[in-house]
Amino acid sequence: MIDFHTHPALIQELRAQYPSYERSAREVFQIGNTFQPLETFFLEMDVAGIERAVLLPIACRRARKGDVSSNEQVAELARKSRRFVGFASVDPLEKGAARELEAAVTKLHLKGLKLDPALQDFSPGDRKAFAVYEAAEALGIPLVIHTGMSWAPGTALERGHPLHLENAIRRFPKLRFVLAHFAWPWVWEAAALALKYPNVYLDTACLYYDSPKEFFQFVFSKQIPTSLIERSLRNKIVFGSNYPRVEIKNMAAAVRSLHLTEGCLQKIFKENAERLLGI
Amino acid sequence: MGPRFRRSTSLTALSLLKGGDDGRGRGRRPKFYGYCLMIIELKRLKLQTRKSEEAINITASVEEVVRKSGVKNGLVNILTTHTSSGLLVTEGIPCLEEDILTHFARLFPEDQDYHHRRYLDYDGRLGFNADAHLKSVIGGISCTFPIENGEIVKGSRQTIYFMEYDGPLERTYLVQVLGE
C-alpha cells in the first residue's frame, strides 16, 4: 500500500541539520504540531498498513521566502529508506526550472514533480509554466499538483480551481497529472477531468471539516456518488493522506469506511500508485 | 525503544530551612534544629509510542530518576505534557491494560458527535481527536508517590503507566522529585 501525498515538514532530524527548516514549517507551511523523529513517520505508516510514502517538497522561496523542504532533503530521506519515494519541486516561474527538474530526477533520483500554484503563486494555466510540464513529460515522471482549497494564509482560493489546468492537460497528453485533494470543493470538475482525460488522476488527501470519516462520507456519497468511484474512476484515484496535516491512519480508515469493493480499494491503495510510479 | 533522558535540563534547587520556624518570622520564638538540604529535581523523559493506543509501564524509569536524585525522604510527581495522553496507576498485568483501553473506548467512541472536529488555525490542521482528549481527562494526567529511605513507597502491585490515546508519537513526561 502506498500513500501518494505526504510532506516531510516536521522531521526532527532535518530540523537539527537545516537552520531554516523550522521557520518554513511554522511560517510557510503553517503547521503547529511538534517535530517528530523519523521513527514516528515509519510507525505512523505501520499503524495505517502503508508500505511506502511519496514525499512532496514545495519550492516556494520566491513567493514565500522559504521552501517547504528541499529536493536535497527529500533525496536524503529517500536514500535513508526504500519506504520513501521522493518527488522534486521547482518554481515554474524561475529561470532554469526545467533544467533544475532534470537534475533532480537524473542526479538526485527523484521520481516525480510536485507543484502548488497557491503556495508557489503561479497560475497553473500560465504558458510560462509549460516548460516545466514539458520537461516532466519528457522525463516520464508524474506530476502531483495542488488543486482545491489551500489552508496556507495569503494564498488565493481561485488558484486551486482544477479547470485552470485543462489546457495543460490537453497540451501534454503524456504527462500524468495527479490532482491533489480531489480539488475540493470542485470535486465534480475534478471528477469530470479524470473521466474525460486519460492522463488525469486524483488523490484522496482532502479534509476540510469534520472528521475524515464524516468528510469522506459526505464528499464521496453526497457530493459525488460512491458508484462513480467504484465503476468509473477506480483506475484513476490514488490514496493520499496529506500527513502530517492529518494522520495517515485516520485518512486510510476513512477511505476504507466508504462502501467500495475490495478490488476497488486495492486499486486506490496500491495498484494505481504503482502504475504511476512504475514500480 | 525505552525512554531516554533529555540532555541536561534538570533543575536542582538547594533550600536551607530552619526547623521550627513558621516561615513568616512571627509567632513563638523558633527552635533551631539545624539545616536540612531540600532537593528539587525535574527530568523530562522522552518516550516513543508505537501504536494508536497503548499502556506503557514506566515504573522502572521513574524509580531510576528517584534513585539518581539522591532524595531519601520526599515526594515524586509524574506528569504527561500532552492532552491526548495520560498517566495511570493500576496493577501491572496485560489483561488490565487491555480492559482500560477497551472500556475507555466504550466510554468515548471515536465515531461520536464531538464538537472538536474542525480546523484549528493555530495548528494548521483539523482537530478531530476528542475521544483521545476525553480519555486523558477521565483517566488523569499525573500521579504522586511518597519517597522513604530513597525508594518510592507504593503498593506491591501498583504500576505506573504512560497512556497513549492517539499515537504513535514521540511523547514527553515529567518526573519531579522533591525532598531531602
# chains A, B, ... in the order shown; residues from 1 in each chain; ligands from 1
>>> closest_atom_pairs(of="chain B", to="chain A", cutoff="9 Å", atoms="only C-alpha atoms", output="CSV")
residue,atom,partner,partner_atom,distance
B:Gln48,CA,A:Thr40,CA,7.6
B:Thr49,CA,A:Thr40,CA,8.2
B:Arg50,CA,A:Leu43,CA,6.1
B:Lys51,CA,A:Val47,CA,6.5
B:Ser52,CA,A:Val47,CA,7.2
B:Asp111,CA,A:Lys213,CA,8.6
B:His115,CA,A:Asp210,CA,8.7
B:His116,CA,A:Asp210,CA,8.3
B:Arg117,CA,A:Asp210,CA,4.6
B:Arg118,CA,A:Tyr209,CA,5.2
B:Tyr119,CA,A:Tyr209,CA,6.4
B:Asp121,CA,A:Gln30,CA,8.6
B:Tyr122,CA,A:Gly32,CA,6.3
B:Asp123,CA,A:Gly32,CA,4.1
B:Gly124,CA,A:Ile31,CA,4.5
B:Arg125,CA,A:Arg245,CA,5.2
B:Leu126,CA,A:Tyr209,CA,7.0
B:Gly127,CA,A:Ser211,CA,8.0
B:Phe128,CA,A:Ser211,CA,5.5
B:Asn129,CA,A:Ser211,CA,8.6
B:Gly167,CA,A:Glu44,CA,7.9
B:Pro168,CA,A:Glu44,CA,6.0
B:Leu169,CA,A:Thr40,CA,5.6
B:Glu170,CA,A:Gln36,CA,6.3
>>> write_last_selection(atoms="C-alpha atoms", output="mmCIF file, in the first residue's frame")
data_model
loop_
_atom_site.group_PDB
_atom_site.id
_atom_site.type_symbol
_atom_site.label_atom_id
_atom_site.label_comp_id
_atom_site.auth_asym_id
_atom_site.auth_seq_id
_atom_site.Cartn_x
_atom_site.Cartn_y
_atom_site.Cartn_z
ATOM 1 C CA GLN B 48 8.357 6.747 21.583
ATOM 2 C CA THR B 49 4.911 5.193 21.483
ATOM 3 C CA ARG B 50 4.322 2.629 18.751
ATOM 4 C CA LYS B 51 0.571 2.166 18.458
ATOM 5 C CA SER B 52 -2.605 4.247 18.241
ATOM 6 C CA ASP B 111 -17.464 7.983 15.988
ATOM 7 C CA HIS B 115 -17.578 19.471 18.662
ATOM 8 C CA HIS B 116 -13.822 19.034 18.384
ATOM 9 C CA ARG B 117 -13.938 18.282 14.654
ATOM 10 C CA ARG B 118 -12.875 21.440 12.933
ATOM 11 C CA TYR B 119 -9.952 23.365 11.523
ATOM 12 C CA ASP B 121 -5.823 27.707 12.703
ATOM 13 C CA TYR B 122 -3.085 27.717 15.353
ATOM 14 C CA ASP B 123 -2.174 24.154 14.331
ATOM 15 C CA GLY B 124 -2.744 24.444 10.584
ATOM 16 C CA ARG B 125 -4.765 21.256 10.600
ATOM 17 C CA LEU B 126 -8.054 19.673 11.539
ATOM 18 C CA GLY B 127 -8.576 18.613 15.134
ATOM 19 C CA PHE B 128 -10.769 15.533 15.427
ATOM 20 C CA ASN B 129 -9.332 13.509 18.320
ATOM 21 C CA GLY B 167 -0.186 7.542 18.775
ATOM 22 C CA PRO B 168 2.244 6.657 17.520
ATOM 23 C CA LEU B 169 4.175 9.731 18.634
ATOM 24 C CA GLU B 170 7.263 10.751 20.496
#
>>> select_by_dssp(residues="stretch 23-92 of chain B", states="alpha helix (DSSP H)", output="list in words")
Thr59, Ala60, Ser61, Val62, Glu63, Glu64, Val65, Val66, Arg67, Lys68 and Ser69 of chain B
>>> write_last_selection(atoms="all heavy atoms", output="PDB file, in the first residue's frame")
ATOM      1  N   THR B  59       7.306   2.451  35.324  1.00  0.00           N
ATOM      2  CA  THR B  59       7.679   2.407  36.739  1.00  0.00           C
ATOM      3  C   THR B  59       9.197   2.408  36.933  1.00  0.00           C
ATOM      4  O   THR B  59       9.729   3.169  37.752  1.00  0.00           O
ATOM      5  CB  THR B  59       7.076   1.149  37.402  1.00  0.00           C
ATOM      6  OG1 THR B  59       5.697   1.073  37.047  1.00  0.00           O
ATOM      7  CG2 THR B  59       7.197   1.210  38.914  1.00  0.00           C
ATOM      8  N   ALA B  60       9.888   1.583  36.167  1.00  0.00           N
ATOM      9  CA  ALA B  60      11.340   1.458  36.339  1.00  0.00           C
ATOM     10  C   ALA B  60      12.042   2.790  36.028  1.00  0.00           C
ATOM     11  O   ALA B  60      13.012   3.157  36.718  1.00  0.00           O
ATOM     12  CB  ALA B  60      11.875   0.354  35.433  1.00  0.00           C
ATOM     13  N   SER B  61      11.546   3.502  35.015  1.00  0.00           N
ATOM     14  CA  SER B  61      12.172   4.786  34.662  1.00  0.00           C
ATOM     15  C   SER B  61      11.980   5.812  35.776  1.00  0.00           C
ATOM     16  O   SER B  61      12.888   6.593  36.075  1.00  0.00           O
ATOM     17  CB  SER B  61      11.571   5.328  33.359  1.00  0.00           C
ATOM     18  OG  SER B  61      11.747   4.399  32.331  1.00  0.00           O
ATOM     19  N   VAL B  62      10.789   5.811  36.382  1.00  0.00           N
ATOM     20  CA  VAL B  62      10.519   6.749  37.473  1.00  0.00           C
ATOM     21  C   VAL B  62      11.397   6.392  38.679  1.00  0.00           C
ATOM     22  O   VAL B  62      11.994   7.267  39.319  1.00  0.00           O
ATOM     23  CB  VAL B  62       9.021   6.730  37.858  1.00  0.00           C
ATOM     24  CG1 VAL B  62       8.766   7.609  39.080  1.00  0.00           C
ATOM     25  CG2 VAL B  62       8.159   7.180  36.678  1.00  0.00           C
ATOM     26  N   GLU B  63      11.507   5.112  38.975  1.00  0.00           N
ATOM     27  CA  GLU B  63      12.342   4.673  40.104  1.00  0.00           C
ATOM     28  C   GLU B  63      13.805   5.068  39.898  1.00  0.00           C
ATOM     29  O   GLU B  63      14.494   5.448  40.836  1.00  0.00           O
ATOM     30  CB  GLU B  63      12.223   3.149  40.279  1.00  0.00           C
ATOM     31  CG  GLU B  63      10.891   2.742  40.891  1.00  0.00           C
ATOM     32  CD  GLU B  63      10.655   1.232  40.880  1.00  0.00           C
ATOM     33  OE1 GLU B  63      11.312   0.524  40.084  1.00  0.00           O
ATOM     34  OE2 GLU B  63       9.799   0.773  41.656  1.00  0.00           O
ATOM     35  N   GLU B  64      14.248   4.994  38.649  1.00  0.00           N
ATOM     36  CA  GLU B  64      15.637   5.356  38.351  1.00  0.00           C
ATOM     37  C   GLU B  64      15.885   6.852  38.619  1.00  0.00           C
ATOM     38  O   GLU B  64      16.921   7.229  39.166  1.00  0.00           O
ATOM     39  CB  GLU B  64      15.953   5.010  36.897  1.00  0.00           C
ATOM     40  CG  GLU B  64      17.425   5.148  36.566  1.00  0.00           C
ATOM     41  CD  GLU B  64      17.725   4.915  35.088  1.00  0.00           C
ATOM     42  OE1 GLU B  64      16.827   4.453  34.356  1.00  0.00           O
ATOM     43  OE2 GLU B  64      18.847   5.229  34.684  1.00  0.00           O
ATOM     44  N   VAL B  65      14.908   7.680  38.214  1.00  0.00           N
ATOM     45  CA  VAL B  65      15.053   9.126  38.462  1.00  0.00           C
ATOM     46  C   VAL B  65      15.122   9.394  39.959  1.00  0.00           C
ATOM     47  O   VAL B  65      15.946  10.184  40.432  1.00  0.00           O
ATOM     48  CB  VAL B  65      13.887   9.927  37.816  1.00  0.00           C
ATOM     49  CG1 VAL B  65      13.945  11.392  38.225  1.00  0.00           C
ATOM     50  CG2 VAL B  65      13.919   9.802  36.298  1.00  0.00           C
ATOM     51  N   VAL B  66      14.284   8.723  40.714  1.00  0.00           N
ATOM     52  CA  VAL B  66      14.268   8.908  42.185  1.00  0.00           C
ATOM     53  C   VAL B  66      15.612   8.483  42.770  1.00  0.00           C
ATOM     54  O   VAL B  66      16.211   9.201  43.567  1.00  0.00           O
ATOM     55  CB  VAL B  66      13.107   8.107  42.813  1.00  0.00           C
ATOM     56  CG1 VAL B  66      13.226   8.084  44.337  1.00  0.00           C
ATOM     57  CG2 VAL B  66      11.765   8.691  42.390  1.00  0.00           C
ATOM     58  N   ARG B  67      16.097   7.328  42.334  1.00  0.00           N
ATOM     59  CA  ARG B  67      17.371   6.806  42.851  1.00  0.00           C
ATOM     60  C   ARG B  67      18.511   7.785  42.573  1.00  0.00           C
ATOM     61  O   ARG B  67      19.297   8.111  43.448  1.00  0.00           O
ATOM     62  CB  ARG B  67      17.650   5.457  42.200  1.00  0.00           C
ATOM     63  CG  ARG B  67      18.308   4.462  43.131  1.00  0.00           C
ATOM     64  CD  ARG B  67      18.339   3.034  42.625  1.00  0.00           C
ATOM     65  NE  ARG B  67      18.192   2.839  41.214  1.00  0.00           N
ATOM     66  CZ  ARG B  67      17.119   2.282  40.648  1.00  0.00           C
ATOM     67  NH1 ARG B  67      16.104   1.915  41.388  1.00  0.00           N
ATOM     68  NH2 ARG B  67      17.080   2.108  39.350  1.00  0.00           N
ATOM     69  N   LYS B  68      18.551   8.262  41.320  1.00  0.00           N
ATOM     70  CA  LYS B  68      19.662   9.151  40.931  1.00  0.00           C
ATOM     71  C   LYS B  68      19.564  10.535  41.571  1.00  0.00           C
ATOM     72  O   LYS B  68      20.554  11.254  41.654  1.00  0.00           O
ATOM     73  CB  LYS B  68      19.701   9.288  39.411  1.00  0.00           C
ATOM     74  CG  LYS B  68      20.234   8.034  38.718  1.00  0.00           C
ATOM     75  CD  LYS B  68      20.362   8.230  37.225  1.00  0.00           C
ATOM     76  CE  LYS B  68      21.052   7.035  36.584  1.00  0.00           C
ATOM     77  NZ  LYS B  68      20.992   7.078  35.120  1.00  0.00           N
ATOM     78  N   SER B  69      18.372  10.914  42.009  1.00  0.00           N
ATOM     79  CA  SER B  69      18.198  12.250  42.591  1.00  0.00           C
ATOM     80  C   SER B  69      18.874  12.364  43.955  1.00  0.00           C
ATOM     81  O   SER B  69      19.208  13.446  44.411  1.00  0.00           O
ATOM     82  CB  SER B  69      16.707  12.576  42.747  1.00  0.00           C
ATOM     83  OG  SER B  69      16.151  11.824  43.816  1.00  0.00           O
TER      84      SER B  69
END
>>> atom_distance(atom1="atom CA of A:Ala59", atom2="atom CA of A:Ala205")
19.7 Å
>>> residues_around(residues="B:Leu47", least_positions_apart="5", cutoff="12 Å", atoms="only C-alpha atoms", output="ChimeraX atom specification")
/A:36-37,39-40 /B:1-6,55-58,61,80-82,85,161-164,167-174
>>> atom_distance(atom1="atom CA of B:Ile93", atom2="atom CA of B:Tyr165")
18.6 Å
>>> residues_around(residues="stretch 66-74 of chain A", least_positions_apart="5", cutoff="6 Å", atoms="only C-alpha atoms", output="PyMOL selection string")
chain A and resi 24+57-61+86+88
>>> closest_residue(among="A:Lys270, A:Arg170, A:Lys65, A:Arg159", to="A:Ala53", atoms="only C-alpha atoms")
A:Lys270
>>> closest_atom_pairs(of="stretch 46-163 of chain A", to="stretch 5-20 of chain A", cutoff="6 Å", atoms="only C-alpha atoms", output="JSON lines")
{"residue": "A:Val54", "atom": "CA", "partner": "A:His5", "partner_atom": "CA", "distance": 5.8}
{"residue": "A:Leu55", "atom": "CA", "partner": "A:Thr6", "partner_atom": "CA", "distance": 5.2}
{"residue": "A:Leu56", "atom": "CA", "partner": "A:His7", "partner_atom": "CA", "distance": 5.1}
>>> write_last_selection(atoms="N, CA and C atoms", output="compact mmCIF listing (two decimals), in the first residue's frame")
# COMPACT_ATOMS: atom_id res chain seq x y z
N VAL A 54 5.06 8.65 -0.64
CA VAL A 54 5.63 9.65 -1.54
C VAL A 54 5.87 10.93 -0.74
N LEU A 55 7.10 11.43 -0.78
CA LEU A 55 7.46 12.65 -0.06
C LEU A 55 7.42 13.83 -1.02
N LEU A 56 6.65 14.86 -0.65
CA LEU A 56 6.45 16.01 -1.53
C LEU A 56 7.05 17.28 -0.93
>>> residues_around(residues="A:His109", least_positions_apart="3", cutoff="10 Å", atoms="only C-alpha atoms", output="VMD selection string")
chain A and resid 75 78 to 79 85 to 88 102 to 106 112
>>> select_by_dssp(residues="stretch 42-130 of chain B", states="strand (DSSP E)", output="PyMOL selection string")
chain B and resi 42-48+54-57+74-80+85-91+118-120+125-127
>>> write_last_selection(atoms="N, CA and C atoms", output="CSV table (one decimal), in the first residue's frame")
chain,number,residue,atom,x,y,z
B,42,LEU,N,13.9,18.1,38.4
B,42,LEU,CA,12.9,17.9,37.3
B,42,LEU,C,13.6,17.2,36.1
B,43,LYS,N,13.0,16.1,35.7
B,43,LYS,CA,13.5,15.4,34.5
B,43,LYS,C,12.4,15.3,33.5
B,44,ARG,N,12.8,15.6,32.2
B,44,ARG,CA,11.9,15.5,31.1
B,44,ARG,C,12.3,14.2,30.3
B,45,LEU,N,11.4,13.2,30.4
B,45,LEU,CA,11.7,11.9,29.7
B,45,LEU,C,11.0,11.8,28.4
B,46,LYS,N,11.7,11.3,27.4
B,46,LYS,CA,11.0,11.1,26.1
B,46,LYS,C,10.6,9.6,26.0
B,47,LEU,N,9.6,9.4,25.3
B,47,LEU,CA,9.0,8.1,25.1
B,47,LEU,C,8.5,7.9,23.7
B,48,GLN,N,8.9,7.0,22.9
B,48,GLN,CA,8.4,6.7,21.6
B,48,GLN,C,7.2,5.7,21.7
B,54,GLU,N,-2.0,2.6,23.6
B,54,GLU,CA,-1.2,1.6,24.4
B,54,GLU,C,-1.0,2.1,25.8
B,55,ALA,N,-0.8,1.1,26.7
B,55,ALA,CA,-0.4,1.4,28.1
B,55,ALA,C,1.1,1.0,28.2
B,56,ILE,N,1.9,1.9,28.6
B,56,ILE,CA,3.4,1.6,28.7
B,56,ILE,C,3.8,1.7,30.1
B,57,ASN,N,4.4,0.7,30.6
B,57,ASN,CA,4.8,0.6,32.0
B,57,ASN,C,6.1,1.5,32.2
B,74,GLY,N,10.7,12.3,50.7
B,74,GLY,CA,10.0,13.4,50.0
B,74,GLY,C,8.9,12.8,49.1
B,75,LEU,N,8.8,13.4,48.0
B,75,LEU,CA,7.7,13.1,47.0
B,75,LEU,C,8.2,13.0,45.6
B,76,VAL,N,7.6,12.2,44.8
B,76,VAL,CA,7.8,12.2,43.4
B,76,VAL,C,6.5,12.4,42.6
B,77,ASN,N,6.5,13.4,41.7
B,77,ASN,CA,5.3,13.7,41.0
B,77,ASN,C,5.6,13.4,39.5
B,78,ILE,N,4.7,12.7,38.8
B,78,ILE,CA,4.9,12.3,37.4
B,78,ILE,C,3.7,12.9,36.6
B,79,LEU,N,4.0,13.5,35.5
B,79,LEU,CA,3.0,14.3,34.7
B,79,LEU,C,3.3,14.2,33.2
B,80,THR,N,2.3,13.9,32.4
B,80,THR,CA,2.4,13.9,31.0
B,80,THR,C,2.2,15.3,30.5
B,85,SER,N,-2.8,12.1,26.0
B,85,SER,CA,-2.2,11.0,26.6
B,85,SER,C,-2.5,11.1,28.1
B,86,GLY,N,-2.1,10.1,28.9
B,86,GLY,CA,-2.4,10.2,30.3
B,86,GLY,C,-1.4,9.4,31.2
B,87,LEU,N,-1.6,9.5,32.5
B,87,LEU,CA,-0.8,8.7,33.4
B,87,LEU,C,-1.8,8.0,34.3
B,88,LEU,N,-1.6,6.7,34.5
B,88,LEU,CA,-2.5,5.9,35.4
B,88,LEU,C,-1.6,5.0,36.3
B,89,VAL,N,-2.3,4.7,37.4
B,89,VAL,CA,-1.6,3.7,38.3
B,89,VAL,C,-2.6,2.5,38.5
B,90,THR,N,-2.2,1.3,38.2
B,90,THR,CA,-3.0,0.2,38.4
B,90,THR,C,-2.1,-1.1,38.5
B,91,GLU,N,-2.7,-2.2,38.6
B,91,GLU,CA,-1.9,-3.5,38.7
B,91,GLU,C,-1.3,-3.7,37.3
B,118,ARG,N,-12.9,20.2,13.7
B,118,ARG,CA,-12.9,21.4,12.9
B,118,ARG,C,-11.4,21.9,12.7
B,119,TYR,N,-11.3,22.9,11.8
B,119,TYR,CA,-10.0,23.4,11.5
B,119,TYR,C,-9.4,24.2,12.7
B,120,LEU,N,-8.2,23.9,13.1
B,120,LEU,CA,-7.6,24.7,14.2
B,120,LEU,C,-6.5,25.6,13.5
B,125,ARG,N,-4.2,22.6,10.9
B,125,ARG,CA,-4.8,21.3,10.6
B,125,ARG,C,-6.1,21.1,11.3
B,126,LEU,N,-6.8,20.0,10.9
B,126,LEU,CA,-8.1,19.7,11.5
B,126,LEU,C,-7.8,19.0,12.9
B,127,GLY,N,-8.6,19.3,13.9
B,127,GLY,CA,-8.6,18.6,15.1
B,127,GLY,C,-9.8,17.7,15.2
>>> residues_around(residues="B:Phe108", least_positions_apart="2", cutoff="9 Å", atoms="only C-alpha atoms", output="ChimeraX atom specification")
/B:103-106,110-112,130-132,134-135
>>> write_last_selection(atoms="C-alpha atoms", output="CSV table (one decimal), in the first residue's frame")
chain,number,residue,atom,x,y,z
B,103,HIS,CA,-13.6,0.4,28.3
B,104,PHE,CA,-12.2,3.9,27.7
B,105,ALA,CA,-13.0,3.3,24.0
B,106,ARG,CA,-16.5,2.3,25.0
B,110,GLU,CA,-14.3,7.5,18.0
B,111,ASP,CA,-17.5,8.0,16.0
B,112,GLN,CA,-19.4,10.1,18.4
B,130,ALA,CA,-11.8,14.5,21.0
B,131,ASP,CA,-12.0,10.8,22.1
B,132,ALA,CA,-8.3,10.9,23.0
B,134,LEU,CA,-11.6,12.9,26.9
B,135,LYS,CA,-9.8,9.7,27.8
>>> residues_around(residues="A:Arg171", least_positions_apart="2", cutoff="12 Å", atoms="only C-alpha atoms", output="list in words")
Gly125, Arg127, Phe130, Ala131, Tyr133, Glu134, Glu137, Leu165, Glu166, Asn167, Ala168, Ile169, Pro173, Lys174, Leu175, Arg176, Phe177, Tyr197 and Asn199 of chain A
>>> atom_distance(atom1="atom CA of B:Cys36", atom2="atom CA of B:Gly155")
28.6 Å
>>> decode(residues="stretch 132-151 of chain B", atoms="N, CA, C and O atoms", output="PDB file, in the first residue's frame")
ATOM      1  N   ALA B 132      -9.592  10.988  22.273  1.00  0.00           N
ATOM      2  CA  ALA B 132      -8.300  10.877  22.969  1.00  0.00           C
ATOM      3  C   ALA B 132      -8.216  11.902  24.101  1.00  0.00           C
ATOM      4  O   ALA B 132      -7.752  11.599  25.199  1.00  0.00           O
ATOM      5  N   HIS B 133      -8.668  13.122  23.852  1.00  0.00           N
ATOM      6  CA  HIS B 133      -8.636  14.155  24.895  1.00  0.00           C
ATOM      7  C   HIS B 133      -9.519  13.766  26.083  1.00  0.00           C
ATOM      8  O   HIS B 133      -9.157  13.971  27.239  1.00  0.00           O
ATOM      9  N   LEU B 134     -10.682  13.209  25.796  1.00  0.00           N
ATOM     10  CA  LEU B 134     -11.611  12.860  26.877  1.00  0.00           C
ATOM     11  C   LEU B 134     -11.074  11.693  27.710  1.00  0.00           C
ATOM     12  O   LEU B 134     -11.262  11.649  28.929  1.00  0.00           O
ATOM     13  N   LYS B 135     -10.404  10.764  27.054  1.00  0.00           N
ATOM     14  CA  LYS B 135      -9.774   9.659  27.808  1.00  0.00           C
ATOM     15  C   LYS B 135      -8.703  10.223  28.745  1.00  0.00           C
ATOM     16  O   LYS B 135      -8.544   9.767  29.876  1.00  0.00           O
ATOM     17  N   SER B 136      -7.978  11.211  28.259  1.00  0.00           N
ATOM     18  CA  SER B 136      -6.941  11.853  29.075  1.00  0.00           C
ATOM     19  C   SER B 136      -7.568  12.548  30.276  1.00  0.00           C
ATOM     20  O   SER B 136      -7.059  12.457  31.403  1.00  0.00           O
ATOM     21  N   VAL B 137      -8.700  13.209  30.045  1.00  0.00           N
ATOM     22  CA  VAL B 137      -9.384  13.921  31.135  1.00  0.00           C
ATOM     23  C   VAL B 137      -9.882  12.931  32.188  1.00  0.00           C
ATOM     24  O   VAL B 137      -9.661  13.115  33.391  1.00  0.00           O
ATOM     25  N   ILE B 138     -10.520  11.883  31.746  1.00  0.00           N
ATOM     26  CA  ILE B 138     -11.135  10.952  32.697  1.00  0.00           C
ATOM     27  C   ILE B 138     -10.090  10.079  33.393  1.00  0.00           C
ATOM     28  O   ILE B 138     -10.244   9.696  34.547  1.00  0.00           O
ATOM     29  N   GLY B 139      -9.031   9.766  32.690  1.00  0.00           N
ATOM     30  CA  GLY B 139      -8.000   8.896  33.262  1.00  0.00           C
ATOM     31  C   GLY B 139      -6.962   9.641  34.080  1.00  0.00           C
ATOM     32  O   GLY B 139      -6.256   9.048  34.883  1.00  0.00           O
ATOM     33  N   GLY B 140      -6.834  10.927  33.829  1.00  0.00           N
ATOM     34  CA  GLY B 140      -5.860  11.726  34.577  1.00  0.00           C
ATOM     35  C   GLY B 140      -4.526  11.837  33.860  1.00  0.00           C
ATOM     36  O   GLY B 140      -4.207  11.048  32.964  1.00  0.00           O
ATOM     37  N   ILE B 141      -3.788  12.841  34.292  1.00  0.00           N
ATOM     38  CA  ILE B 141      -2.513  13.118  33.624  1.00  0.00           C
ATOM     39  C   ILE B 141      -1.327  13.104  34.576  1.00  0.00           C
ATOM     40  O   ILE B 141      -0.209  13.392  34.167  1.00  0.00           O
ATOM     41  N   SER B 142      -1.552  12.799  35.852  1.00  0.00           N
ATOM     42  CA  SER B 142      -0.424  12.820  36.793  1.00  0.00           C
ATOM     43  C   SER B 142      -0.646  11.840  37.929  1.00  0.00           C
ATOM     44  O   SER B 142      -1.769  11.358  38.143  1.00  0.00           O
ATOM     45  N   CYS B 143       0.425  11.557  38.645  1.00  0.00           N
ATOM     46  CA  CYS B 143       0.306  10.781  39.875  1.00  0.00           C
ATOM     47  C   CYS B 143       1.473  11.148  40.806  1.00  0.00           C
ATOM     48  O   CYS B 143       2.502  11.643  40.345  1.00  0.00           O
ATOM     49  N   THR B 144       1.273  10.943  42.094  1.00  0.00           N
ATOM     50  CA  THR B 144       2.274  11.312  43.107  1.00  0.00           C
ATOM     51  C   THR B 144       2.486  10.142  44.064  1.00  0.00           C
ATOM     52  O   THR B 144       1.519   9.459  44.419  1.00  0.00           O
ATOM     53  N   PHE B 145       3.747   9.931  44.449  1.00  0.00           N
ATOM     54  CA  PHE B 145       4.063   8.900  45.447  1.00  0.00           C
ATOM     55  C   PHE B 145       5.017   9.485  46.484  1.00  0.00           C
ATOM     56  O   PHE B 145       5.851  10.320  46.146  1.00  0.00           O
ATOM     57  N   PRO B 146       4.920   9.006  47.717  1.00  0.00           N
ATOM     58  CA  PRO B 146       5.938   9.388  48.705  1.00  0.00           C
ATOM     59  C   PRO B 146       7.244   8.640  48.470  1.00  0.00           C
ATOM     60  O   PRO B 146       7.244   7.563  47.856  1.00  0.00           O
ATOM     61  N   ILE B 147       8.323   9.245  48.962  1.00  0.00           N
ATOM     62  CA  ILE B 147       9.641   8.591  48.917  1.00  0.00           C
ATOM     63  C   ILE B 147      10.115   8.422  50.364  1.00  0.00           C
ATOM     64  O   ILE B 147      10.052   9.367  51.161  1.00  0.00           O
ATOM     65  N   GLU B 148      10.552   7.237  50.658  1.00  0.00           N
ATOM     66  CA  GLU B 148      11.066   6.960  52.004  1.00  0.00           C
ATOM     67  C   GLU B 148      12.341   6.129  51.871  1.00  0.00           C
ATOM     68  O   GLU B 148      12.334   5.127  51.137  1.00  0.00           O
ATOM     69  N   ASN B 149      13.373   6.552  52.567  1.00  0.00           N
ATOM     70  CA  ASN B 149      14.671   5.857  52.500  1.00  0.00           C
ATOM     71  C   ASN B 149      15.142   5.649  51.057  1.00  0.00           C
ATOM     72  O   ASN B 149      15.665   4.594  50.697  1.00  0.00           O
ATOM     73  N   GLY B 150      14.890   6.644  50.218  1.00  0.00           N
ATOM     74  CA  GLY B 150      15.374   6.610  48.833  1.00  0.00           C
ATOM     75  C   GLY B 150      14.557   5.761  47.881  1.00  0.00           C
ATOM     76  O   GLY B 150      14.933   5.593  46.718  1.00  0.00           O
ATOM     77  N   GLU B 151      13.434   5.220  48.336  1.00  0.00           N
ATOM     78  CA  GLU B 151      12.609   4.358  47.475  1.00  0.00           C
ATOM     79  C   GLU B 151      11.184   4.911  47.382  1.00  0.00           C
ATOM     80  O   GLU B 151      10.675   5.495  48.352  1.00  0.00           O
TER      81      GLU B 151
END
